[in-house]
Amino acid sequence: MNKKDRINIPGYVVLLFLGLLCIVILFFSYATGFTGGPLQSVADYVFAPMQQGLTAAGSGISHTVEEHTEKKKLLEQNKRLEARVTELESRLTNTQLRENELNRLQELLDLSKDYDKYKTTGARIIAKGTSNWFSTFTINKGSADGIKRDMNVIADNGLVGVVVSTGRHYANVRSIIDDDSNVSAQVADTEDQLIVSGSLEGMQQSGMITFSGLRDEKNQVKSGDAVVTSNISSKYLPGILIGYIGDIDDSSDDLTKSGTITPVADFTHLSEVLVITQLKESGS
């Protein structure tokens, strides 16, 4: 036979064939219970490490699967906890809001008791002017609720302003700090008359509005005295607390005094107010 007629089989094919043959024989030996001899030795030499490797690989895969499953459970649990925390935070916020609202309503109730000689109705502020102060604002009650022009508005134990116009379900209020506001007032203790004027600039600079025209011939009026609405006012009902006197200055004519007043109402945090539904008899 010539070299040309010989069949050339690659070496890796021969090795692969022999390996497969050994595996078949070894599996056959295990399957038929054949033990001992060189086959057993070969089986122990080949399959024992293989089994250990498979066991280790299986253990590693099992551990990885367990870790993945545990991680997935932890992520799901974390999502549930985050949702629960968000829900509890929302409930806490709502509870705090309701508590704040209840406190404000309680304050209005107490205020209505202080002015129990007047009939009042509560209202919520739904809009305000462009400044940071509640110099003008809108409430959620109007003519359909019995609200009329010139009705007095109170909050925080004192005078806030007066209704200047109404719609069917809303009303506009000008507060006593507005630049266009003027209130006939008097010192509570001495009954000396004066005019309280709004001043947004004064509120921004010192939290005060101004007064003028005070006739204090006996020099009895002093800083800290309470100022209330006067019975001669054309719009404001008498005896409603406005605020407390701050500085007092002599006017240029030496006949009257002027100065500042700290309003009792907080004109930066108004939310709810009381509207006195009784009009001044002499009001227009």
# chains A, B, ... in the order shown; residues from 1 in each chain; ligands from 1
$ select_by_dssp --residues "stretch 54-274 of chain A" --states "strand (DSSP E or B)" --output "ChimeraX atom specification"
/A:120-128,136-139,152-155,158-166,171-175,182-187,193-197,209-214,226-229,241-250,257-263,272-274
$ residues_around --residues "stretch 176-181 of chain A" --least-positions-apart "5" --cutoff "9 Å" --atoms "only C-alpha atoms" --output "ChimeraX atom specification"
/A:133-136,159-162,196-203,208-209,242,263,267
$ residues_around --residues "A:Gly146" --least-positions-apart "2" --cutoff "10 Å" --atoms "only C-alpha atoms" --output "number ranges by chain"
A: 121, 141-144, 148, 166, 168-169, 277
$ select_by_dssp --residues "stretch 73-266 of chain A" --states "helix (DSSP H, G or I)" --output "short mmCIF file (atom, residue, chain, number, x, y, z; two decimals) with N, CA, C and O atoms, in the first residue's frame"
data_model
loop_
_atom_site.label_atom_id
_atom_site.label_comp_id
_atom_site.auth_asym_id
_atom_site.auth_seq_id
_atom_site.Cartn_x
_atom_site.Cartn_y
_atom_site.Cartn_z
N LYS A 73 -35.59 38.98 47.44
CA LYS A 73 -36.51 39.13 48.56
C LYS A 73 -36.23 40.40 49.34
O LYS A 73 -37.15 41.12 49.74
N LEU A 74 -34.94 40.69 49.56
CA LEU A 74 -34.56 41.89 50.30
C LEU A 74 -34.97 43.15 49.54
O LEU A 74 -35.43 44.13 50.15
N LEU A 75 -34.80 43.14 48.21
CA LEU A 75 -35.20 44.29 47.42
C LEU A 75 -36.71 44.51 47.48
O LEU A 75 -37.18 45.64 47.62
N GLU A 76 -37.46 43.40 47.39
CA GLU A 76 -38.91 43.51 47.49
C GLU A 76 -39.33 44.01 48.87
O GLU A 76 -40.22 44.84 49.01
N GLN A 77 -38.65 43.47 49.91
CA GLN A 77 -38.95 43.90 51.26
C GLN A 77 -38.61 45.38 51.45
O GLN A 77 -39.34 46.13 52.10
N ASN A 78 -37.48 45.80 50.86
CA ASN A 78 -37.07 47.21 50.95
C ASN A 78 -38.10 48.11 50.27
O ASN A 78 -38.42 49.20 50.78
N LYS A 79 -38.61 47.68 49.12
CA LYS A 79 -39.63 48.46 48.43
C LYS A 79 -40.88 48.58 49.28
O LYS A 79 -41.50 49.65 49.35
N ARG A 80 -41.27 47.46 49.91
CA ARG A 80 -42.46 47.50 50.78
C ARG A 80 -42.24 48.44 51.96
O ARG A 80 -43.13 49.20 52.35
N LEU A 81 -41.02 48.37 52.54
CA LEU A 81 -40.72 49.25 53.68
C LEU A 81 -40.71 50.72 53.25
O LEU A 81 -41.20 51.59 53.99
N GLU A 82 -40.13 51.00 52.07
CA GLU A 82 -40.12 52.39 51.58
C GLU A 82 -41.54 52.89 51.34
O GLU A 82 -41.87 54.04 51.68
N ALA A 83 -42.39 52.02 50.78
CA ALA A 83 -43.78 52.41 50.55
C ALA A 83 -44.49 52.65 51.88
O ALA A 83 -45.28 53.59 52.02
N ARG A 84 -44.16 51.81 52.88
CA ARG A 84 -44.78 51.97 54.20
C ARG A 84 -44.31 53.27 54.85
O ARG A 84 -45.12 53.99 55.46
N VAL A 85 -43.01 53.57 54.73
CA VAL A 85 -42.48 54.81 55.30
C VAL A 85 -43.14 56.02 54.64
O VAL A 85 -43.53 56.98 55.31
N THR A 86 -43.27 55.97 53.31
CA THR A 86 -43.93 57.07 52.59
C THR A 86 -45.37 57.24 53.05
O THR A 86 -45.85 58.36 53.26
N GLU A 87 -46.06 56.12 53.23
CA GLU A 87 -47.45 56.17 53.70
C GLU A 87 -47.53 56.76 55.10
O GLU A 87 -48.38 57.62 55.38
N LEU A 88 -46.61 56.34 55.99
CA LEU A 88 -46.61 56.85 57.36
C LEU A 88 -46.26 58.33 57.40
O LEU A 88 -46.84 59.10 58.18
N GLU A 89 -45.29 58.74 56.55
CA GLU A 89 -44.94 60.16 56.48
C GLU A 89 -46.12 60.98 56.00
O GLU A 89 -46.38 62.08 56.51
N SER A 90 -46.85 60.45 55.01
CA SER A 90 -48.03 61.15 54.49
C SER A 90 -49.09 61.26 55.58
O SER A 90 -49.71 62.31 55.76
N ARG A 91 -49.28 60.17 56.32
CA ARG A 91 -50.27 60.20 57.41
C ARG A 91 -49.86 61.20 58.48
O ARG A 91 -50.70 61.94 59.01
N LEU A 92 -48.55 61.21 58.80
CA LEU A 92 -48.06 62.15 59.82
C LEU A 92 -48.27 63.58 59.38
O LEU A 92 -48.71 64.44 60.16
N THR A 93 -47.95 63.85 58.10
CA THR A 93 -48.14 65.20 57.57
C THR A 93 -49.61 65.61 57.62
O THR A 93 -49.95 66.72 58.04
N ASN A 94 -50.50 64.69 57.21
CA ASN A 94 -51.93 64.98 57.24
C ASN A 94 -52.41 65.19 58.67
O ASN A 94 -53.25 66.06 58.93
N THR A 95 -51.86 64.37 59.59
CA THR A 95 -52.23 64.53 60.99
C THR A 95 -51.79 65.88 61.53
O THR A 95 -52.54 66.57 62.24
N GLN A 96 -50.56 66.27 61.18
CA GLN A 96 -50.07 67.58 61.62
C GLN A 96 -50.89 68.71 61.03
O GLN A 96 -51.20 69.70 61.71
N LEU A 97 -51.26 68.57 59.74
CA LEU A 97 -52.09 69.60 59.10
C LEU A 97 -53.45 69.69 59.78
O LEU A 97 -53.96 70.79 60.03
N ARG A 98 -54.04 68.52 60.07
CA ARG A 98 -55.34 68.53 60.74
C ARG A 98 -55.22 69.10 62.15
O ARG A 98 -56.11 69.84 62.60
N GLU A 99 -54.11 68.77 62.82
CA GLU A 99 -53.91 69.31 64.16
C GLU A 99 -53.75 70.83 64.13
O GLU A 99 -54.32 71.55 64.96
N ASN A 100 -52.97 71.31 63.15
CA ASN A 100 -52.80 72.76 63.01
C ASN A 100 -54.14 73.44 62.70
O ASN A 100 -54.44 74.51 63.23
N GLU A 101 -54.91 72.79 61.82
CA GLU A 101 -56.20 73.36 61.47
C GLU A 101 -57.13 73.37 62.68
O GLU A 101 -57.84 74.36 62.93
N LEU A 102 -57.10 72.28 63.46
CA LEU A 102 -57.93 72.23 64.66
C LEU A 102 -57.52 73.31 65.67
O LEU A 102 -58.37 73.92 66.31
N ASN A 103 -56.20 73.52 65.77
CA ASN A 103 -55.72 74.57 66.68
C ASN A 103 -56.20 75.94 66.23
O ASN A 103 -56.62 76.77 67.05
N ARG A 104 -56.13 76.19 64.91
CA ARG A 104 -56.59 77.47 64.39
C ARG A 104 -58.10 77.65 64.61
O ARG A 104 -58.57 78.72 64.98
N LEU A 105 -58.84 76.55 64.36
CA LEU A 105 -60.29 76.63 64.57
C LEU A 105 -60.63 76.83 66.04
O LEU A 105 -61.58 77.54 66.37
N GLN A 106 -59.83 76.21 66.92
CA GLN A 106 -60.04 76.41 68.35
C GLN A 106 -59.77 77.86 68.73
O GLN A 106 -60.50 78.44 69.55
N GLU A 107 -58.73 78.43 68.14
CA GLU A 107 -58.43 79.84 68.39
C GLU A 107 -59.58 80.74 67.91
O GLU A 107 -59.94 81.71 68.58
N LEU A 108 -60.14 80.41 66.75
CA LEU A 108 -61.28 81.18 66.25
C LEU A 108 -62.49 81.02 67.17
O LEU A 108 -63.24 81.98 67.41
N LEU A 109 -62.67 79.80 67.69
CA LEU A 109 -63.78 79.56 68.61
C LEU A 109 -63.59 80.39 69.88
O LEU A 109 -64.54 81.02 70.37
N ASP A 110 -62.37 80.39 70.39
CA ASP A 110 -62.09 81.20 71.57
C ASP A 110 -62.30 82.69 71.28
O ASP A 110 -62.80 83.44 72.12
N LEU A 111 -61.89 83.10 70.06
CA LEU A 111 -62.06 84.50 69.68
C LEU A 111 -63.54 84.86 69.59
O LEU A 111 -63.95 85.95 70.02
N SER A 112 -64.34 83.94 69.05
CA SER A 112 -65.78 84.22 68.96
C SER A 112 -66.39 84.35 70.34
O SER A 112 -67.35 85.11 70.53
N LYS A 113 -65.83 83.65 71.32
CA LYS A 113 -66.32 83.77 72.69
C LYS A 113 -65.94 85.13 73.28
O LYS A 113 -66.69 85.72 74.04
N ASP A 114 -64.72 85.61 72.89
CA ASP A 114 -64.30 86.92 73.38
C ASP A 114 -65.21 88.02 72.84
O ASP A 114 -65.40 89.05 73.50
N SER A 143 -71.98 86.75 49.21
CA SER A 143 -73.34 87.22 49.43
C SER A 143 -74.32 86.07 49.66
O SER A 143 -75.29 86.21 50.41
N ALA A 144 -74.06 84.92 49.03
CA ALA A 144 -74.93 83.76 49.23
C ALA A 144 -74.85 83.24 50.66
O ALA A 144 -75.75 82.54 51.13
N ASP A 145 -73.77 83.58 51.36
CA ASP A 145 -73.58 83.16 52.75
C ASP A 145 -73.91 84.28 53.73
O ASP A 145 -73.65 84.16 54.93
N LEU A 200 -47.71 99.41 54.75
CA LEU A 200 -46.97 98.21 54.34
C LEU A 200 -45.47 98.40 54.56
O LEU A 200 -44.76 97.46 54.93
N GLU A 201 -44.99 99.61 54.32
CA GLU A 201 -43.57 99.88 54.52
C GLU A 201 -43.21 99.70 55.99
O GLU A 201 -42.18 99.11 56.32
N GLY A 202 -44.07 100.22 56.88
CA GLY A 202 -43.82 100.06 58.31
C GLY A 202 -43.86 98.61 58.73
O GLY A 202 -43.05 98.18 59.57
N MET A 203 -44.77 97.82 58.16
CA MET A 203 -44.85 96.40 58.49
C MET A 203 -43.60 95.67 58.03
O MET A 203 -43.07 94.81 58.73
N GLN A 204 -43.11 96.02 56.85
CA GLN A 204 -41.91 95.38 56.32
C GLN A 204 -40.66 95.73 57.13
O GLN A 204 -39.78 94.90 57.33
N GLN A 205 -40.60 96.96 57.61
CA GLN A 205 -39.40 97.41 58.33
C GLN A 205 -39.42 97.02 59.80
O GLN A 205 -38.39 96.62 60.35
N SER A 206 -40.58 97.16 60.45
CA SER A 206 -40.60 96.95 61.90
C SER A 206 -41.80 96.16 62.39
O SER A 206 -41.93 95.94 63.60
#
$ residues_around --residues "A:Tyr118" --least-positions-apart "5" --cutoff "12 Å" --atoms "only C-alpha atoms" --output "ChimeraX atom specification"
/A:111-113,151-154,237-240,274-280
$ closest_residue --among "A:Ile126, A:Ile232, A:Leu255, A:Val227" --to "A:Gly158" --atoms "only C-alpha atoms"
A:Val227
$ closest_residue --among "A:Glu217, A:Leu194, A:Thr256, A:Val187" --to "A:Tyr244" --atoms "only C-alpha atoms"
A:Val187
$ closest_residue --among "A:Ile147, A:Leu214, A:Ala123, A:Ala155" --to "A:Glu191" --atoms "only C-alpha atoms"
A:Leu214
$ atom_distance --atom1 "atom CA of A:Tyr115" --atom2 "atom CA of A:Leu241"
10.2 Å
$ atom_distance --atom1 "atom CA of A:Ser223" --atom2 "atom CA of A:Ile248"
7.2 Å
